[in-house]
Structure formats: C-alpha cells, structure tokens
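What's in protein-v1.cif: mmCIF, N, CA and C atoms and all ligand atoms
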data_work
loop_
_atom_site.label_atom_id
_atom_site.label_comp_id
_atom_site.auth_asym_id
_atom_site.auth_seq_id
_atom_site.Cartn_x
_atom_site.Cartn_y
_atom_site.Cartn_z
N MET A 1 -14.63 -211.70 56.58
CA MET A 1 -15.55 -210.73 55.95
C MET A 1 -15.10 -210.45 54.52
N ALA A 2 -16.05 -210.52 53.59
CA ALA A 2 -15.70 -210.23 52.19
C ALA A 2 -15.30 -208.77 52.05
N GLU A 3 -14.26 -208.56 51.31
CA GLU A 3 -13.64 -207.23 51.22
C GLU A 3 -13.06 -207.11 49.81
N ARG A 4 -12.78 -205.86 49.42
CA ARG A 4 -12.11 -205.65 48.12
C ARG A 4 -10.78 -204.96 48.31
N THR A 5 -9.84 -205.30 47.43
CA THR A 5 -8.57 -204.59 47.41
C THR A 5 -8.23 -204.22 45.97
N PHE A 6 -7.28 -203.29 45.82
CA PHE A 6 -6.86 -202.83 44.51
C PHE A 6 -5.48 -203.40 44.22
N SER A 7 -5.30 -203.92 43.01
CA SER A 7 -4.03 -204.53 42.60
C SER A 7 -3.56 -203.93 41.29
N ILE A 8 -2.24 -203.84 41.14
CA ILE A 8 -1.65 -203.50 39.84
C ILE A 8 -0.60 -204.55 39.51
N ILE A 9 -0.69 -205.13 38.32
CA ILE A 9 0.40 -205.94 37.79
C ILE A 9 1.31 -204.95 37.07
N LYS A 10 2.52 -204.79 37.60
CA LYS A 10 3.41 -203.70 37.20
C LYS A 10 4.15 -204.01 35.88
N PRO A 11 4.79 -202.97 35.29
CA PRO A 11 5.42 -203.13 33.97
C PRO A 11 6.47 -204.23 33.87
N ASP A 12 7.21 -204.51 34.94
CA ASP A 12 8.23 -205.57 34.82
C ASP A 12 7.57 -206.92 34.55
N ALA A 13 6.35 -207.10 35.08
CA ALA A 13 5.62 -208.36 34.90
C ALA A 13 4.89 -208.40 33.56
N THR A 14 4.23 -207.30 33.18
CA THR A 14 3.53 -207.32 31.88
C THR A 14 4.55 -207.48 30.74
N ARG A 15 5.72 -206.85 30.89
CA ARG A 15 6.78 -206.93 29.87
C ARG A 15 7.22 -208.37 29.65
N ARG A 16 7.24 -209.16 30.73
CA ARG A 16 7.67 -210.56 30.63
C ARG A 16 6.51 -211.51 30.38
N ASN A 17 5.33 -210.95 30.07
CA ASN A 17 4.16 -211.77 29.72
C ASN A 17 3.71 -212.65 30.90
N LEU A 18 3.74 -212.09 32.10
CA LEU A 18 3.44 -212.86 33.31
C LEU A 18 2.05 -212.58 33.88
N THR A 19 1.20 -211.87 33.14
CA THR A 19 -0.14 -211.54 33.68
C THR A 19 -0.89 -212.80 34.10
N GLY A 20 -0.91 -213.80 33.26
CA GLY A 20 -1.64 -215.03 33.58
C GLY A 20 -1.03 -215.77 34.77
N LYS A 21 0.29 -215.79 34.83
CA LYS A 21 0.95 -216.49 35.95
C LYS A 21 0.67 -215.78 37.27
N VAL A 22 0.69 -214.45 37.27
CA VAL A 22 0.36 -213.70 38.49
C VAL A 22 -1.10 -213.96 38.86
N ASN A 23 -1.98 -213.94 37.87
CA ASN A 23 -3.41 -214.18 38.15
C ASN A 23 -3.64 -215.58 38.72
N THR A 24 -2.86 -216.54 38.29
CA THR A 24 -2.99 -217.90 38.84
C THR A 24 -2.66 -217.91 40.33
N VAL A 25 -1.60 -217.21 40.72
CA VAL A 25 -1.25 -217.15 42.15
C VAL A 25 -2.38 -216.47 42.93
N ILE A 26 -2.92 -215.38 42.37
CA ILE A 26 -4.03 -214.66 43.02
C ILE A 26 -5.23 -215.59 43.21
N GLU A 27 -5.61 -216.28 42.15
CA GLU A 27 -6.80 -217.14 42.22
C GLU A 27 -6.57 -218.35 43.12
N ASN A 28 -5.37 -218.90 43.08
CA ASN A 28 -5.06 -220.04 43.96
C ASN A 28 -5.11 -219.65 45.44
N ALA A 29 -4.93 -218.36 45.72
CA ALA A 29 -4.99 -217.87 47.10
C ALA A 29 -6.43 -217.61 47.54
N GLY A 30 -7.39 -217.87 46.67
CA GLY A 30 -8.80 -217.69 47.05
C GLY A 30 -9.34 -216.31 46.79
N LEU A 31 -8.57 -215.49 46.08
CA LEU A 31 -9.05 -214.14 45.74
C LEU A 31 -9.67 -214.19 44.34
N ARG A 32 -10.77 -213.43 44.18
CA ARG A 32 -11.52 -213.42 42.93
C ARG A 32 -11.24 -212.09 42.22
N ILE A 33 -10.90 -212.17 40.92
CA ILE A 33 -10.64 -210.96 40.13
C ILE A 33 -12.00 -210.46 39.62
N VAL A 34 -12.54 -209.40 40.25
CA VAL A 34 -13.90 -208.95 39.92
C VAL A 34 -13.90 -207.76 38.96
N ALA A 35 -12.72 -207.22 38.65
CA ALA A 35 -12.56 -206.21 37.59
C ALA A 35 -11.10 -206.24 37.18
N GLN A 36 -10.86 -206.01 35.88
CA GLN A 36 -9.48 -206.06 35.37
C GLN A 36 -9.41 -205.31 34.05
N ARG A 37 -8.36 -204.50 33.90
CA ARG A 37 -8.19 -203.73 32.66
C ARG A 37 -6.71 -203.48 32.44
N ARG A 38 -6.26 -203.62 31.20
CA ARG A 38 -4.87 -203.30 30.86
C ARG A 38 -4.84 -201.86 30.37
N ILE A 39 -3.97 -201.06 30.95
CA ILE A 39 -3.92 -199.64 30.59
C ILE A 39 -2.47 -199.16 30.48
N GLN A 40 -2.29 -198.07 29.75
CA GLN A 40 -1.03 -197.33 29.80
C GLN A 40 -1.26 -196.19 30.79
N MET A 41 -0.62 -196.24 31.94
CA MET A 41 -0.81 -195.18 32.93
C MET A 41 -0.17 -193.89 32.44
N SER A 42 -0.85 -192.78 32.65
CA SER A 42 -0.26 -191.48 32.31
C SER A 42 0.65 -191.04 33.46
N ARG A 43 1.51 -190.09 33.18
CA ARG A 43 2.38 -189.56 34.23
C ARG A 43 1.54 -188.97 35.37
N ALA A 44 0.49 -188.25 35.01
CA ALA A 44 -0.37 -187.63 36.04
C ALA A 44 -1.03 -188.70 36.92
N GLN A 45 -1.49 -189.77 36.30
CA GLN A 45 -2.11 -190.86 37.08
C GLN A 45 -1.10 -191.50 38.03
N ALA A 46 0.12 -191.75 37.53
CA ALA A 46 1.14 -192.40 38.37
C ALA A 46 1.56 -191.48 39.52
N GLU A 47 1.70 -190.19 39.23
CA GLU A 47 2.10 -189.24 40.28
C GLU A 47 1.03 -189.13 41.35
N LYS A 48 -0.24 -189.14 40.93
CA LYS A 48 -1.33 -189.08 41.90
C LYS A 48 -1.40 -190.37 42.71
N PHE A 49 -1.27 -191.49 42.02
CA PHE A 49 -1.38 -192.78 42.69
C PHE A 49 -0.31 -192.94 43.78
N TYR A 50 0.92 -192.50 43.49
CA TYR A 50 2.03 -192.66 44.45
C TYR A 50 2.36 -191.36 45.19
N GLU A 51 1.38 -190.45 45.25
CA GLU A 51 1.53 -189.15 45.92
C GLU A 51 2.16 -189.26 47.32
N ILE A 52 1.73 -190.28 48.10
CA ILE A 52 2.26 -190.42 49.47
C ILE A 52 3.77 -190.63 49.50
N HIS A 53 4.36 -191.03 48.37
CA HIS A 53 5.81 -191.28 48.32
C HIS A 53 6.56 -190.13 47.66
N LYS A 54 5.89 -188.96 47.46
CA LYS A 54 6.53 -187.94 46.61
C LYS A 54 7.81 -187.34 47.19
N GLU A 55 7.98 -187.42 48.50
CA GLU A 55 9.23 -186.91 49.10
C GLU A 55 10.34 -187.96 49.14
N ARG A 56 10.02 -189.20 48.79
CA ARG A 56 11.03 -190.27 48.87
C ARG A 56 12.02 -190.15 47.71
N PRO A 57 13.27 -190.55 47.96
CA PRO A 57 14.30 -190.42 46.90
C PRO A 57 13.98 -191.22 45.64
N PHE A 58 13.18 -192.29 45.79
CA PHE A 58 12.91 -193.15 44.63
C PHE A 58 11.66 -192.73 43.86
N PHE A 59 11.01 -191.62 44.24
CA PHE A 59 9.73 -191.24 43.63
C PHE A 59 9.82 -191.08 42.10
N GLY A 60 10.84 -190.36 41.65
CA GLY A 60 10.99 -190.10 40.21
C GLY A 60 11.14 -191.40 39.43
N GLU A 61 11.99 -192.25 39.96
CA GLU A 61 12.26 -193.55 39.35
C GLU A 61 10.99 -194.43 39.34
N LEU A 62 10.24 -194.35 40.43
CA LEU A 62 9.01 -195.14 40.56
C LEU A 62 7.98 -194.71 39.50
N VAL A 63 7.80 -193.40 39.34
CA VAL A 63 6.85 -192.89 38.34
C VAL A 63 7.30 -193.28 36.93
N GLU A 64 8.58 -193.11 36.63
CA GLU A 64 9.10 -193.49 35.29
C GLU A 64 8.85 -194.97 35.02
N PHE A 65 9.09 -195.79 36.04
CA PHE A 65 8.87 -197.23 35.89
C PHE A 65 7.40 -197.54 35.62
N MET A 66 6.50 -196.92 36.39
CA MET A 66 5.08 -197.26 36.27
C MET A 66 4.48 -196.83 34.93
N ILE A 67 5.13 -195.88 34.25
CA ILE A 67 4.62 -195.45 32.93
C ILE A 67 5.45 -196.01 31.78
N SER A 68 6.41 -196.87 32.10
CA SER A 68 7.35 -197.37 31.07
C SER A 68 6.72 -198.39 30.12
N GLU A 69 5.68 -199.08 30.58
CA GLU A 69 5.00 -200.11 29.80
C GLU A 69 3.58 -200.18 30.33
N PRO A 70 2.67 -200.89 29.64
CA PRO A 70 1.31 -201.04 30.19
C PRO A 70 1.32 -201.78 31.53
N VAL A 71 0.27 -201.53 32.30
CA VAL A 71 0.03 -202.25 33.55
C VAL A 71 -1.37 -202.86 33.48
N VAL A 72 -1.64 -203.79 34.40
CA VAL A 72 -2.99 -204.35 34.51
C VAL A 72 -3.53 -203.93 35.88
N VAL A 73 -4.60 -203.15 35.87
CA VAL A 73 -5.24 -202.74 37.14
C VAL A 73 -6.38 -203.70 37.42
N GLN A 74 -6.55 -204.03 38.70
CA GLN A 74 -7.52 -205.06 39.08
C GLN A 74 -8.22 -204.71 40.39
N VAL A 75 -9.41 -205.23 40.55
CA VAL A 75 -10.08 -205.25 41.85
C VAL A 75 -10.21 -206.72 42.26
N LEU A 76 -9.72 -207.03 43.46
CA LEU A 76 -9.76 -208.40 43.98
C LEU A 76 -10.74 -208.45 45.15
N GLU A 77 -11.48 -209.54 45.23
CA GLU A 77 -12.49 -209.68 46.28
C GLU A 77 -12.29 -211.01 47.01
N GLY A 78 -12.49 -210.97 48.31
CA GLY A 78 -12.40 -212.21 49.10
C GLY A 78 -12.38 -211.88 50.57
N ASP A 79 -12.35 -212.93 51.39
CA ASP A 79 -12.27 -212.72 52.84
C ASP A 79 -10.96 -212.01 53.17
N ASN A 80 -11.05 -210.94 53.92
CA ASN A 80 -9.86 -210.16 54.31
C ASN A 80 -8.93 -209.91 53.12
N ALA A 81 -9.50 -209.47 52.02
CA ALA A 81 -8.75 -209.36 50.76
C ALA A 81 -7.50 -208.48 50.88
N VAL A 82 -7.58 -207.41 51.65
CA VAL A 82 -6.42 -206.50 51.75
C VAL A 82 -5.23 -207.24 52.36
N ALA A 83 -5.43 -207.83 53.52
CA ALA A 83 -4.34 -208.54 54.21
C ALA A 83 -3.93 -209.80 53.46
N ARG A 84 -4.91 -210.49 52.92
CA ARG A 84 -4.63 -211.73 52.20
C ARG A 84 -3.74 -211.44 50.99
N TYR A 85 -4.07 -210.37 50.24
CA TYR A 85 -3.27 -210.07 49.04
C TYR A 85 -1.87 -209.62 49.43
N ARG A 86 -1.73 -208.87 50.54
CA ARG A 86 -0.38 -208.47 50.98
C ARG A 86 0.46 -209.71 51.27
N GLU A 87 -0.17 -210.73 51.88
CA GLU A 87 0.54 -212.00 52.14
C GLU A 87 0.97 -212.67 50.84
N VAL A 88 0.05 -212.70 49.89
CA VAL A 88 0.30 -213.38 48.61
C VAL A 88 1.37 -212.65 47.80
N MET A 89 1.42 -211.30 47.93
CA MET A 89 2.44 -210.51 47.20
C MET A 89 3.83 -210.79 47.74
N GLY A 90 3.95 -210.89 49.06
CA GLY A 90 5.27 -211.01 49.70
C GLY A 90 5.88 -209.65 49.97
N ALA A 91 7.04 -209.66 50.62
CA ALA A 91 7.70 -208.41 51.04
C ALA A 91 8.03 -207.52 49.84
N THR A 92 8.05 -206.20 50.08
CA THR A 92 8.37 -205.21 49.03
C THR A 92 9.66 -205.58 48.30
N ASN A 93 10.69 -205.95 49.09
CA ASN A 93 11.96 -206.37 48.49
C ASN A 93 11.92 -207.89 48.28
N PRO A 94 11.98 -208.34 47.02
CA PRO A 94 11.84 -209.78 46.76
C PRO A 94 12.87 -210.62 47.50
N ALA A 95 14.00 -210.03 47.85
CA ALA A 95 15.03 -210.76 48.61
C ALA A 95 14.49 -211.19 49.97
N ASN A 96 13.50 -210.46 50.48
CA ASN A 96 12.92 -210.79 51.80
C ASN A 96 11.57 -211.50 51.69
N ALA A 97 11.14 -211.80 50.48
CA ALA A 97 9.80 -212.36 50.30
C ALA A 97 9.78 -213.87 50.58
N ASP A 98 8.67 -214.34 51.16
CA ASP A 98 8.51 -215.76 51.47
C ASP A 98 8.34 -216.59 50.19
N GLU A 99 8.71 -217.85 50.30
CA GLU A 99 8.51 -218.82 49.22
C GLU A 99 7.06 -218.83 48.75
N GLY A 100 6.86 -218.92 47.46
CA GLY A 100 5.51 -219.06 46.93
C GLY A 100 4.79 -217.74 46.71
N THR A 101 5.36 -216.64 47.21
CA THR A 101 4.72 -215.34 46.99
C THR A 101 5.03 -214.83 45.58
N ILE A 102 4.17 -213.91 45.11
CA ILE A 102 4.35 -213.38 43.75
C ILE A 102 5.73 -212.72 43.61
N ARG A 103 6.11 -211.94 44.63
CA ARG A 103 7.40 -211.24 44.50
C ARG A 103 8.59 -212.20 44.57
N LYS A 104 8.47 -213.26 45.39
CA LYS A 104 9.56 -214.26 45.43
C LYS A 104 9.66 -214.96 44.08
N LEU A 105 8.50 -215.27 43.49
CA LEU A 105 8.49 -216.01 42.23
C LEU A 105 8.97 -215.14 41.06
N TYR A 106 8.51 -213.87 41.03
CA TYR A 106 8.65 -213.11 39.79
C TYR A 106 9.36 -211.75 39.87
N ALA A 107 9.45 -211.14 41.06
CA ALA A 107 9.97 -209.77 41.10
C ALA A 107 11.46 -209.71 40.80
N GLU A 108 11.87 -208.59 40.22
CA GLU A 108 13.26 -208.43 39.79
C GLU A 108 14.08 -207.64 40.79
N SER A 109 13.45 -206.72 41.53
CA SER A 109 14.18 -205.87 42.48
C SER A 109 13.16 -205.17 43.36
N VAL A 110 13.65 -204.42 44.37
CA VAL A 110 12.74 -203.70 45.27
C VAL A 110 11.90 -202.67 44.51
N GLY A 111 12.45 -202.11 43.46
CA GLY A 111 11.70 -201.13 42.66
C GLY A 111 10.77 -201.83 41.67
N GLU A 112 11.31 -202.82 40.97
CA GLU A 112 10.55 -203.52 39.92
C GLU A 112 10.03 -204.82 40.50
N ASN A 113 8.97 -204.68 41.33
CA ASN A 113 8.55 -205.81 42.17
C ASN A 113 7.18 -206.38 41.80
N SER A 114 6.85 -206.27 40.51
CA SER A 114 5.77 -207.04 39.85
C SER A 114 4.33 -206.71 40.21
N VAL A 115 4.06 -206.35 41.47
CA VAL A 115 2.68 -206.09 41.86
C VAL A 115 2.57 -204.97 42.90
N HIS A 116 1.41 -204.34 42.90
CA HIS A 116 0.99 -203.44 43.98
C HIS A 116 -0.26 -204.01 44.61
N GLY A 117 -0.39 -203.83 45.92
CA GLY A 117 -1.65 -204.13 46.60
C GLY A 117 -1.90 -203.09 47.67
N SER A 118 -3.15 -202.69 47.83
CA SER A 118 -3.50 -201.66 48.82
C SER A 118 -3.05 -202.07 50.22
N ASP A 119 -2.72 -201.07 51.04
CA ASP A 119 -2.24 -201.38 52.39
C ASP A 119 -3.31 -201.23 53.47
N SER A 120 -4.54 -200.80 53.08
CA SER A 120 -5.65 -200.73 54.04
C SER A 120 -6.95 -200.71 53.24
N ALA A 121 -8.05 -201.03 53.91
CA ALA A 121 -9.35 -201.01 53.23
C ALA A 121 -9.70 -199.59 52.78
N GLU A 122 -9.33 -198.59 53.59
CA GLU A 122 -9.59 -197.19 53.24
C GLU A 122 -8.85 -196.82 51.95
N ASN A 123 -7.55 -197.16 51.90
CA ASN A 123 -6.78 -196.85 50.69
C ASN A 123 -7.27 -197.66 49.50
N ALA A 124 -7.71 -198.88 49.73
CA ALA A 124 -8.24 -199.69 48.64
C ALA A 124 -9.41 -198.97 47.98
N ALA A 125 -10.32 -198.45 48.79
CA ALA A 125 -11.49 -197.75 48.24
C ALA A 125 -11.06 -196.52 47.44
N LEU A 126 -10.08 -195.77 47.96
CA LEU A 126 -9.60 -194.57 47.26
C LEU A 126 -8.89 -194.94 45.96
N GLU A 127 -8.14 -196.02 45.97
CA GLU A 127 -7.39 -196.44 44.77
C GLU A 127 -8.34 -197.00 43.71
N ILE A 128 -9.32 -197.79 44.13
CA ILE A 128 -10.27 -198.38 43.17
C ILE A 128 -10.97 -197.28 42.37
N VAL A 129 -11.42 -196.21 43.03
CA VAL A 129 -12.16 -195.16 42.30
C VAL A 129 -11.26 -194.37 41.35
N GLN A 130 -9.94 -194.45 41.54
CA GLN A 130 -9.04 -193.79 40.59
C GLN A 130 -9.03 -194.50 39.23
N PHE A 131 -9.39 -195.78 39.21
CA PHE A 131 -9.25 -196.56 37.98
C PHE A 131 -10.51 -197.26 37.49
N PHE A 132 -11.53 -197.38 38.34
CA PHE A 132 -12.74 -198.11 37.93
C PHE A 132 -14.01 -197.35 38.25
N LYS A 133 -14.98 -197.46 37.34
CA LYS A 133 -16.34 -196.99 37.62
C LYS A 133 -17.04 -198.11 38.37
N PRO A 134 -17.95 -197.78 39.29
CA PRO A 134 -18.62 -198.82 40.07
C PRO A 134 -19.27 -199.90 39.20
N GLU A 135 -19.84 -199.50 38.06
CA GLU A 135 -20.55 -200.49 37.23
C GLU A 135 -19.60 -201.44 36.50
N ASP A 136 -18.31 -201.12 36.50
CA ASP A 136 -17.34 -202.02 35.86
C ASP A 136 -16.77 -203.07 36.82
N ILE A 137 -17.26 -203.06 38.05
CA ILE A 137 -16.83 -204.07 39.04
C ILE A 137 -18.04 -204.98 39.27
N VAL A 138 -17.87 -206.25 38.88
CA VAL A 138 -18.98 -207.19 38.97
C VAL A 138 -18.56 -208.34 39.89
N GLY A 139 -19.04 -208.28 41.11
CA GLY A 139 -18.63 -209.26 42.12
C GLY A 139 -19.43 -210.55 42.05
P1 LIG B 1 3.11 -201.20 46.72
O1 LIG B 1 2.66 -199.91 47.38
O2 LIG B 1 3.61 -201.01 45.31
O3 LIG B 1 2.10 -202.29 46.84
P2 LIG B 1 4.63 -201.79 49.05
O4 LIG B 1 3.44 -201.31 49.80
O5 LIG B 1 5.18 -203.16 49.36
O6 LIG B 1 4.38 -201.77 47.50
P3 LIG B 1 5.77 -199.18 49.46
O7 LIG B 1 6.64 -198.91 50.63
O8 LIG B 1 4.37 -198.67 49.47
O9 LIG B 1 5.82 -200.76 49.19
O10 LIG B 1 6.52 -198.63 48.18
C1 LIG B 1 5.82 -198.41 46.97
C2 LIG B 1 6.66 -198.88 45.81
O11 LIG B 1 7.79 -198.03 45.70
C3 LIG B 1 7.25 -200.28 45.96
O12 LIG B 1 6.38 -201.32 45.60
C4 LIG B 1 8.42 -200.21 45.00
O13 LIG B 1 7.99 -200.37 43.65
C5 LIG B 1 8.90 -198.78 45.21
N1 LIG B 1 9.97 -198.73 46.20
C6 LIG B 1 9.84 -198.86 47.54
N2 LIG B 1 11.03 -198.77 48.17
C7 LIG B 1 11.94 -198.58 47.18
C8 LIG B 1 13.36 -198.42 47.15
N3 LIG B 1 14.08 -198.44 48.26
N4 LIG B 1 13.94 -198.24 45.94
C9 LIG B 1 13.22 -198.21 44.79
N5 LIG B 1 11.87 -198.35 44.76
C10 LIG B 1 11.25 -198.55 45.92
MG MG B 2 2.43 -199.50 49.39
#

Mind turning this structure into structure tokens?
Amino acid sequence: MAERTFSIIKPDATRRNLTGKVNTVIENAGLRIVAQRRIQMSRAQAEKFYEIHKERPFFGELVEFMISEPVVVQVLEGDNAVARYREVMGATNPANADEGTIRKLYAESVGENSVHGSDSAENAALEIVQFFKPEDIVG
C-alpha cells in the first residue's frame, strides 16, 4: 500500500555534503522524494519534534545537535514507506546497522546518526504537518 513517511537528513550528514548520497540510497530503495526543503531548525521546532524524548538523558544534546547546522526535511512515498525507510536507515546505533543501510554507510555515532524516519504512519502524519503545507507535497 502506498504510504508516506517523514525523513530528516541530520546535521552530521549535511555538514559532510552527503545530501545527494543519502538521497541516492533512498531512491535506490524504491522510495520517492515527494517534498524536500533545507532548513535551519529553531530550538522550539527541535524541542517539539523530539518532545517524546524530553525525559531522556540525551535530550539536551539531541536538541543542540539538531540545531547545530541546517537539515533537510523530506516526505517520502512508496509501498510501506514507514517500515521500508526504517530498514533503509538501519539501526539507531550505526555499530548495529546492517550493511548497505544509510547509518552503516554514513553515521558517525548513536547521537549523530545522519537520518530520522518516522516510526509509525500516525507519527509520520503528525511530523509531516510540522514542516510541510499539504500543497507543497506533490506525489
Ligand atoms: P530517529 O527518531 O531520529 O529516526 P530512532 O527512531 O532510530 O531515530 P530514537 O530512539 O527515536 O531512535 O532516538 C531519537 C534520536 O535520539 C536518535 O536518532 C539519536 O539521534 C538520539 N539518540 C538515541 N539514543 C541516544 C543515545 N543513547 N545517546 C545519544 N543520542 C541518542
Ligand atoms: Mg525515533
């Protein structure tokens, strides 16, 4: 079933000029980039986006990281896009990520792990509206 997910190319990847390389892995996996924008996330946006992690010890560090450099926010579309993109990203900690995944190829550490992808279709919908207007997504 065609589905949409929300993706962020994180600051460690944009800093190393890896946007195109990450997008190649995404497209080779059969996912279509139907919206994309490079932005400087504000502190308020990052805190809201990662609200579910606010009690975690790494929350402060995570917010500082996400606002440290520009990010690329994206909407990806394809069959089972949420699960498919989680597969393509690889494990949160690159040390545990499978060969060929974005995090195995490019991530630097568990914190600076190159990409975000929604963990459910419900969260994907909530995350997409935080960054995109409906008319800016052209499937
Ligand atoms: P994301 O939500 O970014 O797609 P994820 O779902 O694989 O990643 P989560 O458990 O939701 O992982 O954690 C959110 C983000 O918080 C991680 O991607 C990572 O950047 C950061 N993070 C998670 N665990 C740690 C940790 N132990 N130390 C530092 N940062 C962490
Ligand atoms: Mg997550």

Notebook entry, point to check: Mind listing the residues within 6.5 Å of ligand MG 2 (chain B), all atoms listed in the file counted, as a list in words?
Noted result: Gly117, Ser118 and Asp119 of chain A

Next item on the list: Residues within 6 Å of ligand LIG 1 (chain B), counting only C-alpha atoms and all ligand atoms: report them as a list in words.
Entry: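 Result of the 6 Å neighbour search around ligand LIG 1 (chain B): Phe58, Leu62, Thr92, Val110, Gly111, Glu112, Asn113, His116, Gly117 and Ser118 of chain A.
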
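Within 8 Å of the point (-9.3, -208.0, 44.6), counting only C-alpha atoms, the protein and nucleic acid residues come to A:Glu3, A:Arg4, A:Thr5, A:Phe6, A:Ser7, A:Leu31, A:Arg32, A:Ile33, A:Val34, A:Ala35, A:Gln74, A:Val75, A:Leu76, A:Glu77, A:Gly78, A:Ala81, A:Val82, A:Tyr85.
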
Note to self: From the options A:Ser109, A:Ser120, A:Ser114, A:Gln36, which residue's atoms come nearest to Val73 in chain A, counting only C-alpha atoms?
What the structure shows: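 Ranked by minimum distance to Val73 in chain A, first place goes to A:Gln36.
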
Note to self: If we count only C-alpha atoms and set the cut-off at 12 Å, which residues sit around Asn28 in chain A, ignoring sequence neighbours fewer than 5 positions away in its own chain? Please answer as a list in words.
What the structure shows: Lys21, Val22, Asn23, Ile33, Gly78, Arg84, Tyr85, Val88, Gly100, Thr101 and Ile102 of chain A

Next item on the list: Work out how far atom N of Val138 in chain A is from CA of Ala125 in chain A, in Å to one decimal.
Entry: 14.2 Å

Next item on the list: Grab the CA of His53 in chain A to CA of Ile26 in chain A distance for me, in Å with one decimal place.
Entry: 25.9 Å

Note to self: What's the separation between atom N of Thr14 in chain A and CA of Met89 in chain A, in Å to one decimal place?
What the structure shows: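 Here the two named atoms are 14.5 Å from each other.
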
Margin query: Would you pick out the contacts of Ser68 in chain A at 8 Å or less, using all atoms listed in the file, so that residues sharing its chain but fewer than 3 positions from it are not included, and give the list as a PyMOL selection string?
Written below: chain A and resi 11-12+40-41+62-65+71

Next item on the list: Using backbone DSSP assignments, extract all helix (DSSP H, G or I) residues from chain A; output them as a PyMOL selection string.
Entry: chain A and resi 11-15+19-28+43-49+51-53+59-66+81-89+94-96+102-106+121-131+134-136

Next item on the list: Have a look at A:Gly20, A:Ile8, A:Gly139, A:Ala121 and name the one nearest to Ala83 in chain A; count only N, CA and C atoms.
Entry: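 Among the listed residues, A:Ala121 lies closest to Ala83 in chain A.
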
Notebook entry, point to check: Looking at all atoms listed in the file, which of A:Glu69, A:Arg86, A:Leu105, A:Asn80 is the one that sits closest to Arg15 in chain A?
Noted result: A:Glu69
